[in-house]
>>> print(open('query.cif').read())   # mmCIF, C-alpha atoms
data_query
#
loop_
_atom_site.label_atom_id
_atom_site.label_comp_id
_atom_site.auth_asym_id
_atom_site.auth_seq_id
_atom_site.Cartn_x
_atom_site.Cartn_y
_atom_site.Cartn_z
CA MET X 1 187.46 -127.49 61.19
CA ILE X 2 187.07 -123.81 60.32
CA LYS X 3 185.02 -124.73 57.23
CA ALA X 4 182.70 -126.82 59.42
CA ILE X 5 182.20 -123.91 61.85
CA LEU X 6 181.45 -121.51 58.99
CA ALA X 7 179.00 -123.96 57.46
CA THR X 8 177.20 -124.34 60.80
CA ALA X 9 176.99 -120.58 61.20
CA ALA X 10 175.61 -120.14 57.68
CA LEU X 11 172.98 -122.78 58.37
CA ALA X 12 171.97 -121.00 61.59
CA LEU X 13 171.53 -117.73 59.73
CA ALA X 14 169.39 -119.43 57.11
CA VAL X 15 166.89 -120.76 59.69
CA PRO X 16 163.95 -118.36 60.15
CA ALA X 17 163.65 -116.70 63.56
CA THR X 18 161.24 -118.40 65.94
CA ALA X 19 157.76 -116.89 65.63
CA ALA X 20 156.60 -114.74 68.53
CA GLU X 21 154.55 -116.51 71.16
CA PRO X 22 150.81 -116.16 70.42
CA ILE X 23 148.93 -113.79 72.71
CA ARG X 24 146.12 -115.40 74.68
CA GLY X 25 142.75 -114.40 73.20
CA VAL X 26 144.19 -112.23 70.43
CA THR X 27 144.46 -113.03 66.72
CA ASP X 28 144.79 -110.82 63.69
CA THR X 29 141.00 -110.61 63.49
CA GLU X 30 139.64 -111.19 67.01
CA ILE X 31 139.90 -110.24 70.70
CA VAL X 32 138.26 -112.55 73.23
CA ILE X 33 136.82 -110.76 76.27
CA GLY X 34 135.07 -112.57 79.12
CA THR X 35 132.69 -111.71 81.95
CA TYR X 36 131.16 -113.68 84.81
CA THR X 37 128.28 -111.89 86.48
CA ASP X 38 124.89 -112.41 88.07
CA LEU X 39 122.26 -113.12 85.43
CA SER X 40 119.77 -115.01 87.61
CA GLY X 41 120.62 -114.48 91.30
CA VAL X 42 119.93 -111.87 93.98
CA THR X 43 121.82 -109.09 92.14
CA ALA X 44 120.67 -109.97 88.61
CA MET X 45 119.21 -106.48 88.10
CA TRP X 46 122.83 -105.27 88.23
CA GLY X 47 124.53 -108.06 86.32
CA VAL X 48 122.04 -108.31 83.46
CA ASN X 49 121.78 -104.58 82.75
CA ASN X 50 125.49 -103.96 83.16
CA SER X 51 126.55 -106.77 80.81
CA ASN X 52 123.84 -105.71 78.34
CA SER X 53 125.60 -102.36 77.91
CA TRP X 54 129.01 -103.97 77.46
CA ARG X 55 127.59 -106.23 74.76
CA MET X 56 125.79 -103.35 73.06
CA VAL X 57 128.98 -101.25 72.87
CA PHE X 58 131.01 -104.20 71.58
CA ASP X 59 128.35 -104.97 68.94
CA GLN X 60 128.49 -101.33 67.80
CA VAL X 61 132.29 -101.47 67.62
CA ASN X 62 132.16 -104.70 65.61
CA ALA X 63 129.56 -103.28 63.23
CA ALA X 64 131.94 -100.40 62.55
CA GLY X 65 134.78 -102.80 61.65
CA GLY X 66 136.31 -103.51 65.06
CA ILE X 67 139.42 -102.02 66.67
CA ASN X 68 142.64 -101.97 64.68
CA GLY X 69 141.19 -104.66 62.40
CA ARG X 70 140.02 -106.91 65.23
CA LYS X 71 136.44 -107.66 66.27
CA ILE X 72 135.49 -108.42 69.85
CA LYS X 73 134.19 -111.85 70.80
CA TYR X 74 132.34 -111.29 74.07
CA ILE X 75 131.47 -114.26 76.30
CA ILE X 76 129.32 -113.93 79.43
CA GLU X 77 128.82 -116.59 82.11
CA ASP X 78 126.20 -116.54 84.89
CA ASN X 79 127.70 -116.74 88.40
CA GLN X 80 124.36 -116.31 90.23
CA TYR X 81 126.28 -114.16 92.73
CA GLN X 82 128.00 -117.28 94.10
CA VAL X 83 131.72 -117.84 94.66
CA PRO X 84 131.90 -121.50 93.48
CA ARG X 85 130.04 -120.70 90.25
CA SER X 86 132.35 -117.71 89.70
CA VAL X 87 135.45 -119.89 90.03
CA GLN X 88 133.96 -122.41 87.61
CA ALA X 89 132.97 -119.69 85.13
CA ALA X 90 136.38 -118.01 85.30
CA ASN X 91 138.14 -121.32 84.67
CA LYS X 92 136.04 -121.79 81.54
CA LEU X 93 136.58 -118.25 80.29
CA ILE X 94 140.34 -118.30 80.88
CA ASN X 95 141.31 -121.89 80.14
CA ARG X 96 138.77 -123.01 77.55
CA ASP X 97 137.72 -119.76 75.87
CA GLY X 98 141.18 -118.18 76.18
CA ALA X 99 139.98 -114.72 77.27
CA PHE X 100 142.52 -111.95 76.69
CA ILE X 101 141.04 -109.85 79.50
CA MET X 102 138.10 -110.09 81.91
CA VAL X 103 135.70 -107.18 82.33
CA ALA X 104 132.77 -106.34 84.63
CA ASN X 105 133.10 -109.48 86.76
CA GLY X 106 130.28 -109.34 89.32
CA GLY X 107 130.62 -109.39 93.11
CA THR X 108 133.26 -108.54 95.69
CA PRO X 109 133.82 -112.01 97.21
CA MET X 110 133.68 -113.55 93.74
CA ASN X 111 136.41 -111.29 92.34
CA ASN X 112 138.53 -111.75 95.44
CA ALA X 113 138.32 -115.54 95.08
CA VAL X 114 139.09 -115.61 91.36
CA MET X 115 141.71 -112.88 90.92
CA PRO X 116 144.83 -114.58 92.32
CA ASP X 117 144.76 -117.36 89.70
CA GLN X 118 143.45 -115.03 87.01
CA LEU X 119 146.24 -112.48 87.44
CA ALA X 120 148.86 -115.24 87.70
CA LYS X 121 147.82 -116.30 84.20
CA GLY X 122 148.27 -112.75 82.91
CA VAL X 123 144.57 -111.98 82.43
CA ALA X 124 143.71 -108.40 83.40
CA ASN X 125 140.70 -107.71 85.64
CA VAL X 126 139.10 -104.56 84.28
CA PHE X 127 136.26 -102.52 85.83
CA PRO X 128 134.66 -105.30 87.91
CA LEU X 129 131.04 -104.77 88.94
CA THR X 130 131.96 -103.97 92.52
CA SER X 131 133.47 -100.90 94.14
CA ALA X 132 135.62 -102.79 96.64
CA ARG X 133 139.12 -101.45 97.29
CA SER X 134 140.62 -104.86 96.53
CA MET X 135 139.76 -104.26 92.88
CA TYR X 136 142.66 -101.79 92.68
CA GLU X 137 144.61 -102.29 95.93
CA PRO X 138 147.32 -103.30 96.28
CA LEU X 139 148.49 -101.80 93.00
CA HIS X 140 148.88 -104.47 90.33
CA HIS X 141 149.56 -103.80 86.66
CA LEU X 142 146.58 -105.98 85.64
CA LYS X 143 143.94 -104.55 88.05
CA PHE X 144 141.80 -101.54 87.03
CA ALA X 145 138.80 -99.98 88.79
CA LEU X 146 136.50 -97.47 87.11
CA GLY X 147 135.42 -95.14 89.91
CA SER X 148 135.33 -94.46 93.63
CA SER X 149 135.25 -97.43 95.98
CA TYR X 150 132.57 -98.14 98.59
CA TYR X 151 135.21 -97.14 101.11
CA ASP X 152 135.81 -93.80 99.36
CA GLN X 153 132.08 -93.15 99.02
CA ILE X 154 131.30 -93.80 102.68
CA ARG X 155 134.24 -91.78 103.97
CA ALA X 156 133.27 -88.82 101.78
CA GLY X 157 129.58 -89.06 102.71
CA LEU X 158 130.24 -89.48 106.42
CA LYS X 159 132.68 -86.56 106.41
CA TYR X 160 129.90 -84.42 104.94
CA PHE X 161 127.24 -85.52 107.46
CA VAL X 162 129.52 -85.06 110.47
CA GLU X 163 131.09 -81.77 109.43
CA LYS X 164 128.17 -80.17 107.55
CA ARG X 165 125.11 -81.71 109.21
CA GLY X 166 126.44 -82.10 112.76
CA LYS X 167 125.99 -85.88 113.12
CA LYS X 168 127.68 -87.29 116.22
CA LYS X 169 126.24 -90.77 116.92
CA VAL X 170 127.06 -92.86 113.87
CA CYS X 171 125.86 -96.45 113.51
CA ALA X 172 126.48 -99.03 110.78
CA MET X 173 124.31 -101.89 109.50
CA ALA X 174 126.16 -103.97 106.95
CA GLN X 175 126.38 -107.35 105.26
CA ASP X 176 128.82 -109.74 106.91
CA THR X 177 130.80 -110.05 103.66
CA ASP X 178 133.87 -108.56 102.01
CA PHE X 179 131.54 -105.96 100.52
CA GLY X 180 130.05 -105.05 103.90
CA ARG X 181 133.45 -104.86 105.57
CA ASP X 182 134.61 -102.29 103.02
CA ILE X 183 131.76 -100.04 104.19
CA THR X 184 132.38 -100.57 107.91
CA ASP X 185 136.11 -99.98 107.39
CA GLY X 186 135.26 -96.67 105.75
CA VAL X 187 132.98 -95.72 108.63
CA LYS X 188 135.54 -96.57 111.31
CA ASP X 189 138.46 -94.87 109.54
CA GLN X 190 136.51 -91.64 108.97
CA LEU X 191 135.26 -91.63 112.56
CA LYS X 192 138.91 -91.74 113.73
CA VAL X 193 139.57 -88.58 111.73
CA GLU X 194 136.48 -86.93 113.24
CA ASN X 195 137.43 -88.07 116.79
CA LEU X 196 134.16 -89.96 117.15
CA ALA X 197 133.38 -93.51 118.23
CA LEU X 198 131.05 -95.93 116.45
CA ALA X 199 127.79 -95.83 118.45
CA GLY X 200 126.43 -99.15 117.21
CA GLU X 201 126.94 -101.86 114.61
CA THR X 202 125.03 -104.86 113.24
CA LEU X 203 126.04 -107.45 110.66
CA HIS X 204 123.73 -109.63 108.56
CA LYS X 205 123.80 -112.28 105.86
CA PRO X 206 122.91 -111.18 102.30
CA THR X 207 119.90 -113.53 102.47
CA ASP X 208 118.48 -112.18 105.78
CA THR X 209 115.01 -110.62 105.55
CA ASP X 210 113.95 -109.69 109.12
CA PHE X 211 115.70 -106.58 110.50
CA SER X 212 113.27 -105.52 113.22
CA ALA X 213 115.54 -106.59 116.10
CA SER X 214 118.63 -105.01 114.54
CA VAL X 215 116.82 -101.74 113.95
CA ALA X 216 115.57 -101.75 117.55
CA ARG X 217 119.16 -102.13 118.78
CA MET X 218 120.32 -99.18 116.69
CA ARG X 219 117.44 -97.02 117.89
CA ASP X 220 118.24 -97.89 121.51
CA ALA X 221 121.87 -96.84 120.83
CA GLY X 222 120.60 -93.33 120.01
CA CYS X 223 122.05 -93.21 116.48
CA ASP X 224 121.50 -89.98 114.56
CA ILE X 225 122.66 -91.51 111.25
CA LEU X 226 122.67 -95.09 109.97
CA VAL X 227 125.29 -96.06 107.39
CA LEU X 228 124.10 -99.04 105.34
CA GLY X 229 126.46 -101.60 103.86
CA THR X 230 123.63 -103.07 101.81
CA ILE X 231 122.69 -103.70 98.19
CA VAL X 232 119.10 -103.35 96.93
CA ARG X 233 116.88 -105.88 98.66
CA ASP X 234 118.39 -105.63 102.13
CA ALA X 235 118.58 -101.82 101.84
CA VAL X 236 114.83 -101.62 101.19
CA GLN X 237 114.09 -104.08 103.99
CA ILE X 238 116.13 -102.11 106.55
CA ILE X 239 114.63 -98.79 105.47
CA SER X 240 111.15 -100.32 105.71
CA ALA X 241 111.90 -101.66 109.20
CA VAL X 242 113.06 -98.20 110.30
CA ARG X 243 109.96 -96.50 108.88
CA LYS X 244 107.61 -98.97 110.58
CA THR X 245 108.95 -97.90 113.99
CA GLY X 246 108.36 -94.23 113.20
CA TRP X 247 112.05 -93.51 113.76
CA ASN X 248 113.09 -90.37 111.87
CA VAL X 249 116.80 -91.05 111.36
CA ASP X 250 118.99 -90.20 108.36
CA MET X 251 120.28 -93.23 106.45
CA LEU X 252 123.26 -93.26 104.09
CA GLY X 253 124.06 -95.91 101.51
CA GLN X 254 126.54 -96.21 98.66
CA ALA X 255 126.56 -97.18 94.98
CA ALA X 256 125.14 -100.67 95.55
CA SER X 257 121.93 -99.15 96.94
CA TYR X 258 121.79 -96.28 94.44
CA ASP X 259 119.25 -97.95 92.20
CA ASP X 260 115.91 -96.87 90.74
CA VAL X 261 114.31 -99.96 92.33
CA VAL X 262 115.11 -98.45 95.74
CA ALA X 263 113.72 -95.05 94.71
CA VAL X 264 110.32 -96.28 93.51
CA VAL X 265 109.31 -98.46 96.49
CA PRO X 266 105.51 -97.99 96.90
CA GLY X 267 104.18 -95.68 99.56
CA GLY X 268 107.24 -93.43 99.62
CA THR X 269 108.96 -95.78 102.06
CA THR X 270 112.45 -94.85 100.87
CA GLU X 271 111.79 -91.10 100.63
CA GLY X 272 114.72 -89.18 102.11
CA PHE X 273 117.20 -92.05 101.86
CA TYR X 274 120.73 -90.92 100.90
CA SER X 275 123.35 -92.72 98.82
CA MET X 276 126.81 -91.92 97.58
CA THR X 277 127.50 -92.77 93.95
CA PRO X 278 130.52 -92.52 91.63
CA MET X 279 128.18 -91.67 88.74
CA LEU X 280 124.80 -89.93 88.52
CA PHE X 281 121.78 -91.82 87.25
CA ALA X 282 121.15 -89.57 84.28
CA THR X 283 119.03 -91.56 81.84
CA GLU X 284 115.60 -90.71 83.23
CA GLY X 285 114.24 -87.61 81.48
CA ALA X 286 117.70 -86.68 80.25
CA GLU X 287 117.99 -83.75 77.87
CA SER X 288 121.49 -84.57 76.62
CA PRO X 289 121.38 -85.78 72.98
CA GLU X 290 124.16 -88.29 73.73
CA ILE X 291 122.24 -89.80 76.63
CA LYS X 292 119.07 -89.99 74.54
CA VAL X 293 120.96 -91.90 71.85
CA PHE X 294 122.20 -94.34 74.49
CA VAL X 295 118.73 -94.82 76.01
CA ASP X 296 117.09 -95.31 72.61
CA ALA X 297 119.73 -97.82 71.49
CA TYR X 298 119.47 -99.77 74.74
CA HIS X 299 115.67 -99.83 74.61
CA LYS X 300 115.68 -100.93 70.98
CA GLU X 301 118.12 -103.75 71.76
CA TYR X 302 116.67 -105.01 75.05
CA GLY X 303 113.06 -103.76 75.16
CA LYS X 304 113.50 -101.73 78.35
CA ASN X 305 115.19 -98.57 79.56
CA PRO X 306 118.71 -98.84 81.02
CA ASN X 307 119.15 -98.68 84.78
CA PHE X 308 122.13 -97.32 86.70
CA ALA X 309 124.12 -100.54 86.28
CA ALA X 310 123.66 -100.21 82.52
CA GLN X 311 125.13 -96.71 82.66
CA ILE X 312 128.18 -98.02 84.49
CA GLY X 313 128.58 -100.71 81.84
CA PHE X 314 128.30 -98.19 79.03
CA THR X 315 130.98 -95.92 80.47
CA GLY X 316 133.24 -98.85 81.31
CA ALA X 317 132.96 -100.29 77.82
CA GLN X 318 133.66 -96.91 76.21
CA VAL X 319 136.81 -96.44 78.31
CA LEU X 320 137.97 -99.98 77.56
CA VAL X 321 137.50 -99.50 73.81
CA GLN X 322 139.59 -96.33 73.99
CA ALA X 323 142.33 -98.23 75.86
CA ILE X 324 142.45 -100.97 73.21
CA LYS X 325 142.66 -98.30 70.52
CA ASN X 326 145.51 -96.66 72.44
CA ALA X 327 147.33 -100.02 72.56
CA GLY X 328 147.72 -99.97 68.77
CA GLY X 329 147.90 -102.83 66.30
CA ASP X 330 150.45 -104.84 68.30
CA LEU X 331 148.02 -105.85 71.06
CA THR X 332 149.71 -107.55 74.01
CA SER X 333 149.11 -107.52 77.74
CA ASP X 334 151.78 -104.83 78.13
CA SER X 335 150.48 -102.65 75.31
CA PHE X 336 146.94 -102.94 76.72
CA VAL X 337 148.12 -101.81 80.15
CA GLY X 338 149.93 -98.92 78.48
CA GLY X 339 146.72 -98.05 76.64
CA MET X 340 144.83 -97.95 79.93
CA GLU X 341 147.48 -95.90 81.69
CA SER X 342 147.48 -93.32 78.89
CA ILE X 343 143.83 -92.37 79.53
CA LYS X 344 143.70 -88.93 81.14
CA ASN X 345 140.68 -86.81 82.13
CA TYR X 346 138.15 -88.96 80.29
CA HIS X 347 134.64 -87.49 80.60
CA ASP X 348 131.66 -89.77 80.04
CA ILE X 349 128.24 -88.67 78.76
CA PHE X 350 126.68 -88.83 82.24
CA GLY X 351 128.68 -86.06 83.91
CA SER X 352 130.80 -88.36 86.08
CA PRO X 353 134.05 -87.18 87.69
CA ALA X 354 136.98 -87.23 85.26
CA ILE X 355 138.54 -90.67 84.79
CA SER X 356 142.33 -90.97 84.67
CA PHE X 357 144.93 -93.72 85.05
CA SER X 358 148.71 -93.85 85.37
CA PRO X 359 151.42 -96.43 86.17
CA THR X 360 150.90 -95.64 89.88
CA LYS X 361 147.11 -95.13 89.85
CA HIS X 362 144.71 -97.80 88.58
CA GLN X 363 141.53 -96.29 90.06
CA GLY X 364 139.77 -94.01 87.58
CA SER X 365 138.39 -91.62 90.21
CA ASN X 366 137.87 -91.48 93.99
CA GLN X 367 135.16 -88.80 94.02
CA SER X 368 131.43 -89.45 94.41
CA PHE X 369 128.09 -87.62 94.49
CA LEU X 370 125.67 -87.39 97.43
CA CYS X 371 122.11 -88.12 96.26
CA VAL X 372 118.73 -88.37 97.99
CA ILE X 373 115.34 -89.84 97.04
CA LYS X 374 112.64 -87.21 96.55
CA GLY X 375 109.26 -87.92 94.99
CA GLY X 376 110.32 -91.43 94.00
CA HIS X 377 113.40 -90.21 92.11
CA TRP X 378 117.10 -89.82 92.88
CA GLN X 379 118.21 -86.19 93.06
CA THR X 380 121.58 -84.66 93.85
CA ALA X 381 121.82 -83.41 97.43
CA GLU X 382 125.08 -81.59 96.60
CA ALA X 383 125.89 -80.36 93.10
CA GLU X 384 129.61 -81.15 93.20
CA PRO X 385 131.24 -84.54 93.86
CA LEU X 386 132.69 -85.09 97.32
CA GLY X 387 136.01 -86.45 98.56
CA TYR X 388 137.58 -86.88 102.00
#
>>> encode(input="query.cif", output="structure tokens")
Amino acid sequence: MIKAILATAALALAVPATAAEPIRGVTDTEIVIGTYTDLSGVTAMWGVNNSNSWRMVFDQVNAAGGINGRKIKYIIEDNQYQVPRSVQAANKLINRDGAFIMVANGGTPMNNAVMPDQLAKGVANVFPLTSARSMYEPLHHLKFALGSSYYDQIRAGLKYFVEKRGKKKVCAMAQDTDFGRDITDGVKDQLKVENLALAGETLHKPTDTDFSASVARMRDAGCDILVLGTIVRDAVQIISAVRKTGWNVDMLGQAASYDDVVAVVPGGTTEGFYSMTPMLFATEGAESPEIKVFVDAYHKEYGKNPNFAAQIGFTGAQVLVQAIKNAGGDLTSDSFVGGMESIKNYHDIFGSPAISFSPTKHQGSNQSFLCVIKGGHWQTAEAEPLGY
């Protein structure tokens, strides 16, 4: 009996240990990274340029030999800024392509719809192309946001206009979406702090084009500042509707409306429009050698100059690459999260607020700049970033 037990034990020792479970999207030579974003819909100017920069950085990393011996396989799917297409694209990227992480996924409602299943499968959502609070709240070890949220931006900007510019009758015109509600939440919460009431509010669909009646309502309410929860097209349409009435009212947007397309509208229509932004648009006429290298590389690769969304993509990709390097050769979900959380006071080439993460903070920064359109160009209205 004893001999049989000893023989069984010896046999057990002779059997090799079970190999570690393979990590989704990671081999000895490759890391699979996925993105769904708008390549052909109403926000394509954001999705195309942003994902271009991610691809350009990854191509440069691969040309230099990869990260810790692994090259990045980057797969992008077009969601056309639609929730059903985003769900379909995410299913492909996660279940068929086996993405290790997802980066720069485009759209607030799209991310909100996809994330529950994505996170349940252990796939991190990193630097989505939206500044909604839900991208980092509630805290989740697999959710990371790059900069200040729409909510942060609007609260900081409104604080400035109320306390520094004496605004008292605040109105909001926003999309009736998750994105728009982040802006109106920021307005209402900051007004509580300032002991002010919201003087007027309108909501619209992202596809609406006629804002004459809504603008008339806001003018009748006596607003002295309009906060816009808009992206590019609807921002320009609302500003145009305001200008046509001859109403001289200050208007404040956020990162989604901080775009060169808004600045260069013919006839100076958008002159004097304000936006808050987590990062300054620094590529136009930049003197920094690092920025010039970025602009030249982007233009050589894509035949056009990078826009603001491309800048965001470049910074996001650079931070991500550093996080993967920090994770070391044994790349797992946990080591990647540790690599992200070890990033402290990262400064990008565009002069953005310092980016830092920790186990209790997965938002890179909550500060933003106040900018204004002058002479068809975005300029800083305040030199230092603002908070609330």
>>> resolve_selection(input="query.cif", expression="the PyMOL selection byres ((chain X and resi 58) around 10)", output="short mmCIF file (atom, residue, chain, number, x, y, z; two decimals) with C-alpha atoms, in the frame of the given file")
data_model
loop_
_atom_site.label_atom_id
_atom_site.label_comp_id
_atom_site.auth_asym_id
_atom_site.auth_seq_id
_atom_site.Cartn_x
_atom_site.Cartn_y
_atom_site.Cartn_z
CA ILE X 33 136.82 -110.76 76.27
CA ASN X 52 123.84 -105.71 78.34
CA SER X 53 125.60 -102.36 77.91
CA TRP X 54 129.01 -103.97 77.46
CA ARG X 55 127.59 -106.23 74.76
CA MET X 56 125.79 -103.35 73.06
CA VAL X 57 128.98 -101.25 72.87
CA ASP X 59 128.35 -104.97 68.94
CA GLN X 60 128.49 -101.33 67.80
CA VAL X 61 132.29 -101.47 67.62
CA ASN X 62 132.16 -104.70 65.61
CA ALA X 63 129.56 -103.28 63.23
CA ALA X 64 131.94 -100.40 62.55
CA GLY X 66 136.31 -103.51 65.06
CA ILE X 67 139.42 -102.02 66.67
CA LYS X 71 136.44 -107.66 66.27
CA ILE X 72 135.49 -108.42 69.85
CA LYS X 73 134.19 -111.85 70.80
CA TYR X 74 132.34 -111.29 74.07
CA PHE X 314 128.30 -98.19 79.03
CA ALA X 317 132.96 -100.29 77.82
CA GLN X 318 133.66 -96.91 76.21
CA VAL X 321 137.50 -99.50 73.81
#
>>> resolve_selection(input="query.cif", expression="the PyMOL selection byres ((chain X and resi 379) around 12)", output="list in words")
Tyr258, Asp259, Asp260, Ala263, Glu271, Gly272, Phe273, Tyr274, Ser275, Met276, Thr277, Leu280, Phe281, Ala282, Glu284, Phe369, Leu370, Cys371, Val372, Ile373, Lys374, Gly375, Gly376, His377, Trp378, Thr380, Ala381, Glu382 and Ala383 of chain X
>>> closest_residue(input="query.cif", among="X:Thr315, X:Ser149, X:Asn79, X:Asn366", to="Val42 of chain X", atoms="only C-alpha atoms")
X:Asn79
>>> atom_distance(input="query.cif", atom1="atom CA of Met251 of chain X", atom2="atom CA of Leu226 of chain X")
4.6 Å
>>> residues_around(input="query.cif", residues="Asp334 of chain X", least_positions_apart="4", cutoff="12 Å", atoms="only C-alpha atoms", output="PDB file with C-alpha atoms, in the coordinates of the input")
ATOM      1  CA  ILE X  23     148.930-113.790  72.710  1.00  0.00           C
ATOM      2  CA  PHE X 100     142.520-111.950  76.690  1.00  0.00           C
ATOM      3  CA  ILE X 101     141.040-109.850  79.500  1.00  0.00           C
ATOM      4  CA  GLY X 122     148.270-112.750  82.910  1.00  0.00           C
ATOM      5  CA  VAL X 123     144.570-111.980  82.430  1.00  0.00           C
ATOM      6  CA  ALA X 124     143.710-108.400  83.400  1.00  0.00           C
ATOM      7  CA  HIS X 141     149.560-103.800  86.660  1.00  0.00           C
ATOM      8  CA  LEU X 142     146.580-105.980  85.640  1.00  0.00           C
ATOM      9  CA  ALA X 323     142.330 -98.230  75.860  1.00  0.00           C
ATOM     10  CA  ILE X 324     142.450-100.970  73.210  1.00  0.00           C
ATOM     11  CA  ASN X 326     145.510 -96.660  72.440  1.00  0.00           C
ATOM     12  CA  ALA X 327     147.330-100.020  72.560  1.00  0.00           C
ATOM     13  CA  GLY X 328     147.720 -99.970  68.770  1.00  0.00           C
ATOM     14  CA  ASP X 330     150.450-104.840  68.300  1.00  0.00           C
ATOM     15  CA  GLY X 338     149.930 -98.920  78.480  1.00  0.00           C
ATOM     16  CA  GLY X 339     146.720 -98.050  76.640  1.00  0.00           C
ATOM     17  CA  MET X 340     144.830 -97.950  79.930  1.00  0.00           C
ATOM     18  CA  GLU X 341     147.480 -95.900  81.690  1.00  0.00           C
ATOM     19  CA  PRO X 359     151.420 -96.430  86.170  1.00  0.00           C
TER      20      PRO X 359
END
>>> atom_distance(input="query.cif", atom1="atom CA of Asp224 of chain X", atom2="atom CA of Cys171 of chain X")
7.9 Å
>>> atom_distance(input="query.cif", atom1="atom CA of Gly166 of chain X", atom2="atom CA of Asp234 of chain X")
27.0 Å
>>> residues_around(input="query.cif", residues="Thr27 of chain X", least_positions_apart="2", cutoff="10 Å", atoms="all atoms listed in the file", output="number ranges by chain")
X: 22-25, 29-32, 69-71, 331
>>> write_last_selection(input="query.cif", atoms="C-alpha atoms", output="PDB file, keeping the file's coordinate frame")
ATOM      1  CA  PRO X  22     150.810-116.160  70.420  1.00  0.00           C
ATOM      2  CA  ILE X  23     148.930-113.790  72.710  1.00  0.00           C
ATOM      3  CA  ARG X  24     146.120-115.400  74.680  1.00  0.00           C
ATOM      4  CA  GLY X  25     142.750-114.400  73.200  1.00  0.00           C
ATOM      5  CA  THR X  29     141.000-110.610  63.490  1.00  0.00           C
ATOM      6  CA  GLU X  30     139.640-111.190  67.010  1.00  0.00           C
ATOM      7  CA  ILE X  31     139.900-110.240  70.700  1.00  0.00           C
ATOM      8  CA  VAL X  32     138.260-112.550  73.230  1.00  0.00           C
ATOM      9  CA  GLY X  69     141.190-104.660  62.400  1.00  0.00           C
ATOM     10  CA  ARG X  70     140.020-106.910  65.230  1.00  0.00           C
ATOM     11  CA  LYS X  71     136.440-107.660  66.270  1.00  0.00           C
ATOM     12  CA  LEU X 331     148.020-105.850  71.060  1.00  0.00           C
TER      13      LEU X 331
END
>>> resolve_selection(input="query.cif", expression="the PyMOL selection byres ((chain X and resi 209) around 9)", output="list in words")
Lys205, Pro206, Thr207, Asp208, Asp210, Phe211, Arg233, Asp234, Gln237 and Ile238 of chain X
>>> residues_around(input="query.cif", residues="segment 84-94 of chain X", least_positions_apart="3", cutoff="8 Å", atoms="all atoms listed in the file", output="list in words")
Gly34, Thr35, Tyr36, Thr37, Ile75, Glu77, Asp78, Asn79, Gln80, Tyr81, Asp97, Gly98, Ala99, Phe100, Met110, Ala113, Val114, Gln118 and Val123 of chain X
>>> closest_residue(input="query.cif", among="X:Gly387, X:Gly246, X:Gly316, X:Gly200", to="Phe127 of chain X", atoms="all atoms listed in the file")
X:Gly316
>>> closest_residue(input="query.cif", among="X:Glu384, X:Asp220, X:Glu290, X:Asp250", to="Asp348 of chain X", atoms="all atoms listed in the file")
X:Glu290
>>> closest_residue(input="query.cif", among="X:Trp247, X:Phe144, X:Phe308, X:Tyr298", to="Phe357 of chain X", atoms="only C-alpha atoms")
X:Phe144
>>> residues_around(input="query.cif", residues="Thr184 of chain X", least_positions_apart="2", cutoff="10 Å", atoms="all atoms listed in the file", output="list in words")
Tyr150, Tyr151, Ile154, Arg155, Cys171, Ala172, Met173, Ala174, Gln175, Asp176, Phe179, Gly180, Arg181, Asp182, Gly186, Val187, Lys188, Asp189, Gln190, Leu198, Glu201, Leu203, Val227, Leu228 and Gly229 of chain X
>>> closest_residue(input="query.cif", among="X:Asn112, X:Gln322, X:Ser288, X:Ser368", to="Val83 of chain X", atoms="all atoms listed in the file")
X:Asn112
>>> decode(input="query.cif", residues="segment 138-146 of chain X", atoms="N, CA and C atoms", output="mmCIF file, in the first residue's frame")
data_model
loop_
_atom_site.group_PDB
_atom_site.id
_atom_site.type_symbol
_atom_site.label_atom_id
_atom_site.label_comp_id
_atom_site.auth_asym_id
_atom_site.auth_seq_id
_atom_site.Cartn_x
_atom_site.Cartn_y
_atom_site.Cartn_z
ATOM 1 N N PRO X 138 -18.088 54.988 -12.411
ATOM 2 C CA PRO X 138 -17.349 54.787 -11.159
ATOM 3 C C PRO X 138 -15.989 54.149 -11.428
ATOM 4 N N LEU X 139 -15.091 54.291 -10.474
ATOM 5 C CA LEU X 139 -13.744 53.743 -10.635
ATOM 6 C C LEU X 139 -13.795 52.249 -10.936
ATOM 7 N N HIS X 140 -13.104 51.853 -11.978
ATOM 8 C CA HIS X 140 -12.996 50.447 -12.376
ATOM 9 C C HIS X 140 -11.565 50.235 -12.828
ATOM 10 N N HIS X 141 -10.971 49.111 -12.450
ATOM 11 C CA HIS X 141 -9.549 48.913 -12.741
ATOM 12 C C HIS X 141 -9.254 48.833 -14.238
ATOM 13 N N LEU X 142 -10.281 48.662 -15.076
ATOM 14 C CA LEU X 142 -10.045 48.551 -16.520
ATOM 15 C C LEU X 142 -10.536 49.774 -17.307
ATOM 16 N N LYS X 143 -10.896 50.864 -16.619
ATOM 17 C CA LYS X 143 -11.363 52.081 -17.292
ATOM 18 C C LYS X 143 -10.358 53.211 -17.082
ATOM 19 N N PHE X 144 -9.889 53.826 -18.197
ATOM 20 C CA PHE X 144 -8.931 54.930 -18.107
ATOM 21 C C PHE X 144 -9.336 56.056 -19.057
ATOM 22 N N ALA X 145 -9.374 57.285 -18.531
ATOM 23 C CA ALA X 145 -9.657 58.469 -19.342
ATOM 24 C C ALA X 145 -8.411 59.343 -19.394
ATOM 25 N N LEU X 146 -8.207 60.005 -20.533
ATOM 26 C CA LEU X 146 -6.961 60.752 -20.733
ATOM 27 C C LEU X 146 -6.955 62.105 -20.042
#
